[in-house]
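Shown next: my_file_37.cif, containing mmCIF, C-alpha atoms.
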data_entry
#
loop_
_atom_site.label_atom_id
_atom_site.label_comp_id
_atom_site.auth_asym_id
_atom_site.auth_seq_id
_atom_site.Cartn_x
_atom_site.Cartn_y
_atom_site.Cartn_z
CA ALA H 1 91.84 110.67 -95.95
CA SER H 2 94.32 108.01 -94.80
CA LEU H 3 97.12 110.61 -94.82
CA ARG H 4 95.12 112.85 -92.44
CA LEU H 5 94.43 109.86 -90.19
CA TYR H 6 98.17 109.06 -90.16
CA PHE H 7 99.09 112.63 -89.10
CA PHE H 8 96.35 112.66 -86.45
CA TYR H 9 97.70 109.40 -85.03
CA MET H 10 101.29 110.67 -85.14
CA ASN H 11 100.37 113.94 -83.42
CA LYS H 12 98.47 112.04 -80.73
CA LYS H 13 101.35 109.61 -80.26
CA TYR H 14 104.01 112.31 -80.10
CA SER H 15 102.04 114.78 -77.95
CA PRO H 16 103.51 113.55 -74.64
CA LEU H 17 107.02 113.74 -76.10
CA ILE H 18 106.57 117.26 -77.46
CA ILE H 19 104.84 118.63 -74.34
CA ILE H 20 107.30 117.08 -71.87
CA LEU H 21 110.30 118.08 -74.01
CA PHE H 22 109.13 121.69 -74.17
CA ILE H 23 108.30 122.00 -70.44
CA VAL H 24 111.45 120.28 -69.18
CA VAL H 25 113.90 122.06 -71.50
CA VAL H 26 112.38 125.48 -70.74
CA LEU H 27 112.34 124.84 -66.97
CA ASP H 28 115.87 123.41 -67.06
CA GLN H 29 117.31 126.31 -69.05
CA ILE H 30 115.51 128.97 -66.96
CA THR H 31 116.82 127.50 -63.70
CA LYS H 32 120.37 127.17 -65.06
CA PHE H 33 120.27 130.72 -66.46
CA TYR H 34 119.03 132.05 -63.10
CA ILE H 35 121.70 130.21 -61.10
CA ALA H 36 124.54 131.22 -63.45
CA GLY H 37 123.38 134.86 -63.38
CA SER H 38 122.66 135.09 -59.66
CA PHE H 39 125.47 133.08 -58.06
CA GLU H 40 129.24 133.18 -58.14
CA LEU H 41 130.83 129.89 -59.21
CA TYR H 42 130.94 127.55 -56.16
CA GLN H 43 128.71 129.88 -54.14
CA SER H 44 126.36 127.93 -51.90
CA VAL H 45 123.19 128.95 -50.10
CA GLU H 46 121.80 126.68 -47.42
CA ILE H 47 118.09 125.98 -47.96
CA ILE H 48 117.45 123.16 -45.46
CA GLU H 49 120.06 122.95 -42.72
CA GLY H 50 122.17 119.80 -42.91
CA PHE H 51 120.28 118.53 -45.96
CA PHE H 52 119.92 120.81 -49.02
CA ASN H 53 121.86 123.69 -50.56
CA ILE H 54 121.74 125.56 -53.83
CA THR H 55 125.37 125.40 -54.98
CA TYR H 56 126.52 126.72 -58.37
CA ILE H 57 128.86 124.26 -60.06
CA ARG H 58 129.89 123.79 -63.70
CA ASN H 59 130.30 120.13 -64.55
CA SER H 60 132.49 119.17 -67.49
CA GLY H 61 131.72 115.46 -67.06
CA VAL H 62 128.52 113.49 -67.37
CA ALA H 63 125.85 112.69 -64.79
CA PHE H 64 126.85 113.46 -61.22
CA GLY H 65 130.30 114.67 -62.27
CA MET H 66 131.54 111.33 -63.63
CA PHE H 67 134.48 111.73 -66.04
CA SER H 68 134.82 115.43 -65.17
CA GLY H 69 138.59 114.97 -64.90
CA LEU H 70 138.92 114.29 -68.63
CA LYS H 71 140.43 117.25 -70.46
CA GLY H 72 141.13 118.21 -74.04
CA PRO H 73 139.34 119.71 -77.04
CA MET H 74 137.93 116.39 -78.22
CA ILE H 75 136.17 115.64 -74.91
CA LYS H 76 133.47 118.28 -75.52
CA ILE H 77 132.85 116.89 -79.02
CA PHE H 78 132.83 113.32 -77.66
CA PHE H 79 130.17 114.14 -75.03
CA ILE H 80 128.06 116.02 -77.61
CA VAL H 81 128.21 113.08 -80.04
CA ILE H 82 127.29 110.61 -77.28
CA SER H 83 124.36 112.86 -76.28
CA LEU H 84 123.15 113.06 -79.89
CA ILE H 85 123.38 109.27 -80.31
CA ALA H 86 121.42 108.80 -77.08
CA ALA H 87 118.75 111.29 -78.22
CA VAL H 88 118.32 109.59 -81.59
CA THR H 89 118.15 106.17 -79.90
CA ILE H 90 115.45 107.41 -77.52
CA VAL H 91 113.39 108.81 -80.41
CA ILE H 92 113.68 105.48 -82.24
CA LEU H 93 112.56 103.60 -79.11
CA TYR H 94 109.70 106.07 -78.64
CA ARG H 95 108.62 105.59 -82.22
CA GLY H 96 108.39 101.84 -81.61
CA THR H 97 105.95 102.18 -78.70
CA ASP H 98 102.26 101.44 -79.09
CA ASP H 99 99.18 103.13 -77.60
CA LYS H 100 99.19 100.94 -74.48
CA MET H 101 102.70 102.06 -73.50
CA LEU H 102 101.90 105.53 -72.11
CA PHE H 103 104.24 105.23 -69.12
CA THR H 104 107.06 104.00 -71.35
CA ARG H 105 106.51 107.00 -73.63
CA ILE H 106 106.50 109.37 -70.64
CA ALA H 107 109.71 107.76 -69.33
CA LEU H 108 111.43 108.07 -72.71
CA SER H 109 110.20 111.68 -73.00
CA LEU H 110 111.72 112.56 -69.62
CA ILE H 111 115.03 110.94 -70.52
CA LEU H 112 115.15 112.70 -73.90
CA SER H 113 114.20 116.04 -72.35
CA GLY H 114 116.96 115.80 -69.76
CA ALA H 115 119.49 114.80 -72.40
CA VAL H 116 118.50 117.76 -74.59
CA GLY H 117 118.65 120.18 -71.63
CA ASN H 118 122.20 119.11 -70.80
CA LEU H 119 123.16 118.96 -74.49
CA ILE H 120 122.29 122.64 -74.84
CA ASP H 121 124.75 123.50 -72.04
CA ARG H 122 127.41 121.16 -73.35
CA ALA H 123 127.17 122.53 -76.90
CA SER H 124 127.25 126.16 -75.77
CA SER H 125 129.95 126.06 -73.10
CA GLY H 126 131.29 122.52 -72.82
CA LYS H 127 130.03 122.34 -69.23
CA VAL H 128 126.67 121.72 -67.57
CA VAL H 129 125.32 123.97 -64.81
CA ASP H 130 124.54 121.95 -61.68
CA PHE H 131 123.08 123.44 -58.51
CA LEU H 132 120.86 121.03 -56.56
CA ASP H 133 123.10 119.94 -53.67
CA PHE H 134 121.60 117.33 -51.34
CA HIS H 135 123.64 116.08 -48.41
CA TRP H 136 123.46 114.53 -45.00
CA HIS H 137 125.62 116.88 -42.95
CA GLU H 138 129.09 116.53 -44.54
CA TYR H 139 128.21 113.59 -46.86
CA HIS H 140 127.25 115.15 -50.20
CA TRP H 141 125.50 113.60 -53.18
CA PRO H 142 127.03 115.11 -56.34
CA ALA H 143 125.21 118.30 -57.40
CA PHE H 144 122.74 117.96 -60.25
CA ASN H 145 120.09 119.93 -62.15
CA VAL H 146 116.52 119.70 -63.48
CA ALA H 147 117.66 117.80 -66.60
CA ASP H 148 119.53 115.22 -64.50
CA SER H 149 116.43 114.82 -62.30
CA CYS H 150 114.26 114.11 -65.35
CA ILE H 151 116.75 111.57 -66.68
CA THR H 152 116.82 109.80 -63.31
CA VAL H 153 113.02 109.79 -62.92
CA GLY H 154 112.63 108.66 -66.55
CA VAL H 155 115.08 105.77 -66.13
CA GLY H 156 113.35 104.73 -62.88
CA LEU H 157 109.91 104.85 -64.52
CA LEU H 158 111.23 102.93 -67.53
CA MET H 159 112.66 100.22 -65.26
CA ILE H 160 109.34 99.92 -63.40
CA THR H 161 107.38 99.62 -66.64
CA MET H 162 109.82 97.04 -68.01
CA VAL H 163 109.54 94.92 -64.86
CA LYS H 164 105.76 95.26 -64.88
CA GLU H 165 105.50 94.38 -68.57
CA GLY H 166 107.91 91.47 -68.10
CA HIS H 167 105.84 90.21 -65.17
CA GLN H 168 102.61 90.47 -67.17
CA SER H 169 104.06 88.66 -70.18
CA THR H 170 105.29 85.74 -68.03
CA ARG H 171 101.90 85.15 -66.37
CA ALA H 172 99.98 82.08 -67.47
CA PRO H 173 96.97 82.94 -69.58
CA GLU H 174 93.68 82.84 -67.72
CA HIS H 175 91.23 80.14 -68.70
CA GLN H 176 87.75 81.23 -69.68
#
Give the structure from the file, written as structure tokens.
Amino acid sequence: ASLRLYFFYMNKKYSPLIIILFIVVVLDQITKFYIAGSFELYQSVEIIEGFFNITYIRNSGVAFGMFSGLKGPMIKIFFIVISLIAAVTIVILYRGTDDKMLFTRIALSLILSGAVGNLIDRASSGKVVDFLDFHWHEYHWPAFNVADSCITVGVGLLMITMVKEGHQSTRAPEHQ
């Protein structure tokens, strides 16, 4: 009986992780597959004039093109190993959360999902497909993808929950 209760609790705890991971990775891979199959490399289509384009880029670096100038056979392996270490770390952090930490679990799920989405690209081709190109006229933010978006939103949500939890833990206890 206690074993069934344990598995019920674990399934309930890991449901957000599994659901978010599945949705994000599928959406990320479908969009990347569509862009790679429908666009020529560096082809750009203006969506909102002076603000947003769909631009097909293959990024050999990390988030927002950082370290894309690094070359060599070991770089791909290095980025894959770093991604795997990050994924394992996120799962360990997730495992340490309690029932009251829903937003923390959602944040960690988004970060993990984005990391896995980009890891799939990196493991298969050594480069990540980026295509969301926001800009203000000629000033461009580096192109990114659905996985990068989830990592960014997850990190932002995690920071908000950490600040909120830190603020709550530093409040003086209320007298009754």
Evaluate the PyMOL selection byres ((chain H and resi 28-32) around 10) and record the selected residues as a tab-separated table (two decimals) with C-alpha atoms, keeping the file's coordinate frame, following the chain and residue labels used in the document.
chain	number	residue	atom	x	y	z
H	22	PHE	CA	109.13	121.69	-74.17
H	23	ILE	CA	108.30	122.00	-70.44
H	24	VAL	CA	111.45	120.28	-69.18
H	25	VAL	CA	113.90	122.06	-71.50
H	26	VAL	CA	112.38	125.48	-70.74
H	27	LEU	CA	112.34	124.84	-66.97
H	33	PHE	CA	120.27	130.72	-66.46
H	34	TYR	CA	119.03	132.05	-63.10
H	35	ILE	CA	121.70	130.21	-61.10
H	36	ALA	CA	124.54	131.22	-63.45
H	37	GLY	CA	123.38	134.86	-63.38
H	38	SER	CA	122.66	135.09	-59.66
H	56	TYR	CA	126.52	126.72	-58.37
H	113	SER	CA	114.20	116.04	-72.35
H	114	GLY	CA	116.96	115.80	-69.76
H	116	VAL	CA	118.50	117.76	-74.59
H	117	GLY	CA	118.65	120.18	-71.63
H	118	ASN	CA	122.20	119.11	-70.80
H	120	ILE	CA	122.29	122.64	-74.84
H	121	ASP	CA	124.75	123.50	-72.04
H	128	VAL	CA	126.67	121.72	-67.57
H	129	VAL	CA	125.32	123.97	-64.81
H	130	ASP	CA	124.54	121.95	-61.68
H	131	PHE	CA	123.08	123.44	-58.51
H	145	ASN	CA	120.09	119.93	-62.15
H	146	VAL	CA	116.52	119.70	-63.48
H	147	ALA	CA	117.66	117.80	-66.60
H	148	ASP	CA	119.53	115.22	-64.50
H	149	SER	CA	116.43	114.82	-62.30
H	150	CYS	CA	114.26	114.11	-65.35
### Task
Write out as a PyMOL selection string which residues come within 12 Å of Thr89 (chain H) when counting all atoms listed in the file, dropping same-chain ones fewer than 4 positions away.
chain H and resi 82-85+93-96+108-109+111-112+115
### Query
Between CA of Ile20 (chain H) and CA of Val153 (chain H), what is the spacing in Å?
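That distance, rounded to one decimal, is 12.9 Å.
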### Task
Select, from H:Ala107, H:Arg58, H:Gly50, H:Met101, the residue with the minimum atom-to-atom distance to Lys127 (chain H), counting only C-alpha atoms.
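Selected residue with least distance to Lys127 (chain H): H:Arg58.
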### Atomic distance CA of Asp133 (chain H) - CA of Leu157 (chain H), expressed in Å with one decimal
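Computing it gives 22.8 Å between the two atoms.
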Run the PyMOL selection byres ((chain H and resi 51) around 9) mentally over the shown coordinates, then write out the matched residues as an mmCIF file with C-alpha atoms, in the coordinates of the input, using the chain letters and numbers from the document.
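Written file, expr.cif:
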data_model
loop_
_atom_site.group_PDB
_atom_site.id
_atom_site.type_symbol
_atom_site.label_atom_id
_atom_site.label_comp_id
_atom_site.auth_asym_id
_atom_site.auth_seq_id
_atom_site.Cartn_x
_atom_site.Cartn_y
_atom_site.Cartn_z
ATOM 1 C CA GLU H 46 121.800 126.680 -47.420
ATOM 2 C CA ILE H 47 118.090 125.980 -47.960
ATOM 3 C CA ILE H 48 117.450 123.160 -45.460
ATOM 4 C CA GLU H 49 120.060 122.950 -42.720
ATOM 5 C CA GLY H 50 122.170 119.800 -42.910
ATOM 6 C CA PHE H 52 119.920 120.810 -49.020
ATOM 7 C CA ASN H 53 121.860 123.690 -50.560
ATOM 8 C CA ASP H 133 123.100 119.940 -53.670
ATOM 9 C CA PHE H 134 121.600 117.330 -51.340
ATOM 10 C CA HIS H 135 123.640 116.080 -48.410
ATOM 11 C CA TRP H 136 123.460 114.530 -45.000
ATOM 12 C CA HIS H 137 125.620 116.880 -42.950
ATOM 13 C CA HIS H 140 127.250 115.150 -50.200
#
### Query
Rounded to one decimal in Å, what is the spacing between CA of Lys12 (chain H) and CA of Leu158 (chain H)?
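Here the two named atoms are 20.5 Å from each other.
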### Task
Find, counting all atoms listed in the file, the residue in H:Ile19, H:Phe144, H:Ile54, H:Asp98 that gets nearest to Leu110 (chain H).
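Among the listed residues, the smallest separation from Leu110 (chain H) belongs to H:Ile19.
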Could you rebuild region 92-103 of chain H with all heavy atoms and give it back as a compact mmCIF listing (two decimals), in the coordinates of the input?
# COMPACT_ATOMS: atom_id res chain seq x y z
N ILE H 92 113.97 106.74 -81.54
CA ILE H 92 113.68 105.48 -82.24
C ILE H 92 112.89 104.54 -81.32
O ILE H 92 111.91 103.93 -81.76
CB ILE H 92 114.98 104.81 -82.74
CG1 ILE H 92 115.58 105.64 -83.88
CG2 ILE H 92 114.74 103.36 -83.17
CD1 ILE H 92 117.00 105.24 -84.27
N LEU H 93 113.30 104.43 -80.07
CA LEU H 93 112.56 103.60 -79.11
C LEU H 93 111.14 104.13 -78.92
O LEU H 93 110.18 103.36 -78.87
CB LEU H 93 113.29 103.56 -77.76
CG LEU H 93 114.60 102.80 -77.73
CD1 LEU H 93 115.31 103.01 -76.40
CD2 LEU H 93 114.36 101.31 -77.98
N TYR H 94 111.01 105.44 -78.80
CA TYR H 94 109.70 106.07 -78.64
C TYR H 94 108.81 105.75 -79.84
O TYR H 94 107.63 105.40 -79.68
CB TYR H 94 109.86 107.58 -78.50
CG TYR H 94 108.59 108.29 -78.11
CD1 TYR H 94 108.36 108.63 -76.79
CD2 TYR H 94 107.63 108.63 -79.05
CE1 TYR H 94 107.19 109.28 -76.41
CE2 TYR H 94 106.47 109.28 -78.69
CZ TYR H 94 106.24 109.61 -77.37
OH TYR H 94 105.09 110.24 -77.00
N ARG H 95 109.37 105.84 -80.99
CA ARG H 95 108.62 105.59 -82.22
C ARG H 95 108.08 104.16 -82.25
O ARG H 95 107.01 103.90 -82.80
CB ARG H 95 109.54 105.84 -83.41
CG ARG H 95 108.85 105.79 -84.73
CD ARG H 95 109.79 106.25 -85.80
NE ARG H 95 109.14 106.02 -87.08
CZ ARG H 95 109.76 105.73 -88.18
NH1 ARG H 95 111.07 105.68 -88.20
NH2 ARG H 95 109.10 105.53 -89.28
N GLY H 96 108.80 103.24 -81.63
CA GLY H 96 108.39 101.84 -81.61
C GLY H 96 107.35 101.50 -80.56
O GLY H 96 106.91 100.35 -80.48
N THR H 97 106.95 102.45 -79.74
CA THR H 97 105.95 102.18 -78.70
C THR H 97 104.55 102.16 -79.30
O THR H 97 104.30 102.80 -80.32
CB THR H 97 106.01 103.22 -77.57
OG1 THR H 97 105.71 104.52 -78.09
CG2 THR H 97 107.37 103.24 -76.89
N ASP H 98 103.65 101.43 -78.63
CA ASP H 98 102.26 101.44 -79.09
C ASP H 98 101.39 102.22 -78.10
O ASP H 98 101.88 102.72 -77.08
CB ASP H 98 101.74 100.02 -79.33
CG ASP H 98 101.69 99.17 -78.07
OD1 ASP H 98 101.47 99.71 -76.97
OD2 ASP H 98 101.88 97.95 -78.18
N ASP H 99 100.11 102.31 -78.40
CA ASP H 99 99.18 103.13 -77.60
C ASP H 99 99.09 102.70 -76.14
O ASP H 99 98.80 103.52 -75.28
CB ASP H 99 97.77 103.09 -78.21
CG ASP H 99 97.70 103.88 -79.51
OD1 ASP H 99 98.61 104.68 -79.77
OD2 ASP H 99 96.73 103.68 -80.26
N LYS H 100 99.31 101.44 -75.85
CA LYS H 100 99.19 100.94 -74.48
C LYS H 100 100.40 101.29 -73.62
O LYS H 100 100.38 101.08 -72.42
CB LYS H 100 99.02 99.42 -74.49
CG LYS H 100 97.78 98.95 -75.20
CD LYS H 100 97.76 97.44 -75.27
CE LYS H 100 96.77 96.99 -76.30
NZ LYS H 100 96.95 95.59 -76.66
N MET H 101 101.43 101.84 -74.21
CA MET H 101 102.70 102.06 -73.50
C MET H 101 102.88 103.53 -73.08
O MET H 101 103.94 104.10 -73.24
CB MET H 101 103.85 101.60 -74.39
CG MET H 101 103.76 100.14 -74.79
SD MET H 101 105.01 99.66 -75.98
CE MET H 101 106.42 99.46 -74.91
N LEU H 102 101.85 104.12 -72.50
CA LEU H 102 101.90 105.53 -72.11
C LEU H 102 103.04 105.82 -71.13
O LEU H 102 103.78 106.77 -71.30
CB LEU H 102 100.57 106.00 -71.53
CG LEU H 102 100.54 107.46 -71.08
CD1 LEU H 102 100.80 108.40 -72.26
CD2 LEU H 102 99.22 107.78 -70.40
N PHE H 103 103.19 104.98 -70.10
CA PHE H 103 104.24 105.23 -69.12
C PHE H 103 105.63 105.07 -69.72
O PHE H 103 106.56 105.79 -69.36
CB PHE H 103 104.07 104.35 -67.88
CG PHE H 103 102.91 104.77 -67.03
CD1 PHE H 103 101.79 103.96 -66.91
CD2 PHE H 103 102.92 105.99 -66.37
CE1 PHE H 103 100.72 104.35 -66.13
CE2 PHE H 103 101.84 106.40 -65.60
CZ PHE H 103 100.74 105.58 -65.48
